[in-house]
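These notes concern the structure reproduced below.
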Amino acid sequence: MNLQLIDSIETWQSCRKSLQGSIGFVPTMGYLHAGHLSLVDKAKQECDIVVVSIYVNPSQFGANEDLSRYPRDLDRDLLLLDQAGVNYVITPSDSVMYPNGYKTWINVEQISNLYCGVSRPTHFRGVATIVAKLVNIVKPDWMYMGEKDFQQIVILEHMLRDLNFSTRICRCPLVREEDGLALSSRNVYLSQEERKQSLCLSQALNFAFQSCKSSQRDVSYLTDKMHSMIENMGGKVDYIAFVNSDDLSPVTTAIQGTRLLLAVYIGKTRLIDNLQMP
Ligand code: AMP
């Protein structure tokens with residue numbers, strides 16, 4: 001293996017001082033798939049040194065969410081990252097990230113309470129806090145993030161700007177299975193039947209995309225139709241939102257560039273997806 005595995009912040013910090021060239025950083029929760037690897041590839045193309053973190057961050061999971069059963073396979077992840085030419089993998093422990101007496105939280109106001117923030121009220125506070133900590137530790141030039149988590153990217157761009165970090169986010173396209181399902185570590189939760197039902201997300205997004213192309217751009221009409229499509233296929237809508245892609249404000253007419261955000265329960269598994277409207 002060429003990659004270096006780093007599990008202590010002190011080790012990284014002394015190593016960081018000697019690094020020269022641009023640093024690209026890909027934060028992940030592990031159990032890697034082609035979506036994660038697309039971020040790594042982009043970072044490899046654009047930066048001299050690529051750093052990946054693998055950390056299942058407890059503070060972004062709600063009390064009744066899937067923290068304890070979130071899938072993990074560090075050995076496999078390391079093999080994939082080594083093959084992809086990653087230079088450093090950081091795997092901090094909970095006691096390092098949140099030592100006893102930890103008290104500091106980052107809250108990106110307003111936009112963290114919308115959409116995914118409604119059913120997951122403490123989620124983005126956990127995400128913003130861990131990413132701020134990781135950026136402060138890694139000190140990358142660029143952070144590569146997937147548009148799979150569209151609201152997350154917009155929130156983190158705000159956070160970096162508001163806190164005067166010099167790190168910038170490179171938005172990377174969402175990667176899908178051949179049949180349209182957005183790749184996600186959580187897809188392993190789906191039974192065979194649920195895997196079929198999960199296609200309701202991409203199909204509903206595509207319906208809205210095609211409707212916009214034929215000039216049906218009324219958001220309340222499109223939302224109603226998508227709702228019926230999803231429920232007919234066995235999904236339960238958490239939210240459907242047509243938003244301005246810069247500030248996530250809701251729109252009533254889908255124009256070119258409007259982002260359609262979607263969260264749906266398939267059985268007990270909550271899946272998210274999104275698509276830019278034509
Ligand atoms: P996670 O491990 O789920 O926290 O994701 C780590 C990073 O990978 C985030 O920037 C995600 O947006 C990105 N990511 C996850 N799934 C995909 C996907 N299907 N396509 C592109 N990026 C993704």
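If you're wondering about the labels, chains in the structure tokens are A, B, ... by order shown, residues count from 1 in each chain, ligands from 1 in order shown.
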
For A:Ser191, find every residue with an atom within 10 Å (counting only C-alpha atoms), except residues of its own chain fewer than 6 positions away, and show them as a PDB file with all heavy atoms, in the first residue's frame.
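Output (selection.pdb):
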```pdb
ATOM      1  N   GLN A 197     -38.751  -0.409  -5.445  1.00  0.00           N
ATOM      2  CA  GLN A 197     -39.538   0.783  -5.083  1.00  0.00           C
ATOM      3  C   GLN A 197     -38.677   2.048  -5.115  1.00  0.00           C
ATOM      4  O   GLN A 197     -39.160   3.135  -5.408  1.00  0.00           O
ATOM      5  CB  GLN A 197     -40.140   0.615  -3.684  1.00  0.00           C
ATOM      6  CG  GLN A 197     -41.160  -0.503  -3.594  1.00  0.00           C
ATOM      7  CD  GLN A 197     -41.596  -0.767  -2.155  1.00  0.00           C
ATOM      8  OE1 GLN A 197     -40.935  -0.362  -1.201  1.00  0.00           O
ATOM      9  NE2 GLN A 197     -42.732  -1.447  -2.003  1.00  0.00           N
ATOM     10  N   ILE A 266     -38.345   4.690   1.894  1.00  0.00           N
ATOM     11  CA  ILE A 266     -38.639   3.397   1.278  1.00  0.00           C
ATOM     12  C   ILE A 266     -38.562   2.416   2.440  1.00  0.00           C
ATOM     13  O   ILE A 266     -37.473   2.123   2.939  1.00  0.00           O
ATOM     14  CB  ILE A 266     -37.605   3.035   0.194  1.00  0.00           C
ATOM     15  CG1 ILE A 266     -37.511   4.128  -0.876  1.00  0.00           C
ATOM     16  CG2 ILE A 266     -37.925   1.680  -0.414  1.00  0.00           C
ATOM     17  CD1 ILE A 266     -38.745   4.302  -1.744  1.00  0.00           C
ATOM     18  N   GLY A 267     -39.729   1.955   2.908  1.00  0.00           N
ATOM     19  CA  GLY A 267     -39.724   1.218   4.172  1.00  0.00           C
ATOM     20  C   GLY A 267     -39.175   2.135   5.252  1.00  0.00           C
ATOM     21  O   GLY A 267     -39.607   3.288   5.380  1.00  0.00           O
TER      22      GLY A 267
END
```

Might you pull out every residue within 8 Å of stretch 137-139 of chain A, with only C-alpha atoms counted and same-chain residues fewer than 5 positions away left off, and present them as a CSV table (one decimal) with N, CA, C and O atoms, in the first residue's frame?
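Full text of out_2.csv as output:
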```
chain,number,residue,atom,x,y,z
A,9,ILE,N,-4.3,13.2,15.2
A,9,ILE,CA,-4.2,14.5,14.6
A,9,ILE,C,-2.8,15.1,14.7
A,9,ILE,O,-2.3,15.7,13.8
A,12,TRP,N,-0.8,13.8,11.8
A,12,TRP,CA,-1.2,14.5,10.6
A,12,TRP,C,-0.6,15.9,10.6
A,12,TRP,O,0.0,16.4,9.6
A,13,GLN,N,-0.7,16.6,11.7
A,13,GLN,CA,-0.2,18.0,11.8
A,13,GLN,C,1.3,18.1,11.5
A,13,GLN,O,1.7,19.0,10.8
A,16,ARG,N,1.7,17.4,7.8
A,16,ARG,CA,1.1,18.5,7.0
A,16,ARG,C,2.1,19.6,6.8
A,16,ARG,O,2.2,20.2,5.7
A,23,ILE,N,-3.5,20.7,-2.0
A,23,ILE,CA,-4.1,19.6,-1.3
A,23,ILE,C,-5.6,19.6,-1.6
A,23,ILE,O,-6.4,20.5,-1.4
A,25,PHE,N,-9.2,17.5,-0.6
A,25,PHE,CA,-9.7,16.8,0.6
A,25,PHE,C,-11.1,16.2,0.2
A,25,PHE,O,-11.9,16.9,-0.3
A,167,THR,N,-10.4,27.5,2.3
A,167,THR,CA,-10.7,26.3,1.5
A,167,THR,C,-12.0,26.5,0.7
A,167,THR,O,-12.9,27.2,1.1
```

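With the cut-off set to 6 Å and only C-alpha atoms and all ligand atoms counted, the residues surrounding ligand 1 are Pro27, Thr28, Met29, Gly30, Gly35, His36, Met145, Gly146, Glu147, Lys148, Asp149, Pro173, Leu174, Val175, Arg176, Ala182, Leu183 and Ser184 of chain A.
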
**Q.** Contact residues around A:Lys103 with only C-alpha atoms at 12 Å, ignoring same-chain residues under 4 positions, as number ranges by chain
**A.** A: 59, 97-99, 129

Q: Could you find all residues in stretch 9-236 of chain A that DSSP calls helix (DSSP H, G or I) from the backbone, and write them as a VMD selection string?
A: chain A and resid 9 to 17 34 to 46 58 to 60 67 to 69 74 to 83 94 to 97 116 to 119 123 to 138 147 to 162 185 to 189 192 to 197 199 to 213 219 to 232

Residue neighbourhood stretch 91-96 of chain A, 8 Å, only C-alpha atoms, exclusion window fewer than 5 positions, as a CSV table (one decimal) with N, CA and C atoms, in the first residue's frame:
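Saved as selection-v9.csv:
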```
chain,number,residue,atom,x,y,z
A,5,LEU,N,-2.0,5.7,6.3
A,5,LEU,CA,-3.2,5.8,7.2
A,5,LEU,C,-2.8,6.6,8.5
A,6,ILE,N,-3.6,7.6,8.8
A,6,ILE,CA,-3.3,8.5,9.9
A,6,ILE,C,-4.4,8.5,10.9
A,7,ASP,N,-4.2,8.1,12.1
A,7,ASP,CA,-5.3,8.0,13.1
A,7,ASP,C,-5.1,9.0,14.2
A,8,SER,N,-4.0,9.8,14.2
A,8,SER,CA,-3.9,10.8,15.2
A,8,SER,C,-3.7,12.2,14.6
A,9,ILE,N,-4.3,13.2,15.2
A,9,ILE,CA,-4.2,14.5,14.6
A,9,ILE,C,-2.8,15.1,14.7
A,53,SER,N,-10.9,11.6,4.4
A,53,SER,CA,-11.2,11.2,5.8
A,53,SER,C,-12.3,10.2,5.8
A,54,ILE,N,-12.2,9.2,6.7
A,54,ILE,CA,-13.3,8.3,6.9
A,54,ILE,C,-13.7,8.4,8.4
A,55,TYR,N,-14.9,8.9,8.6
A,55,TYR,CA,-15.4,9.1,10.0
A,55,TYR,C,-16.9,9.2,10.0
A,57,ASN,N,-19.7,10.3,11.7
A,57,ASN,CA,-19.8,11.4,12.7
A,57,ASN,C,-21.0,11.3,13.5
A,58,PRO,N,-20.9,10.9,14.8
A,58,PRO,CA,-22.2,10.7,15.6
A,58,PRO,C,-23.1,11.9,15.7
```
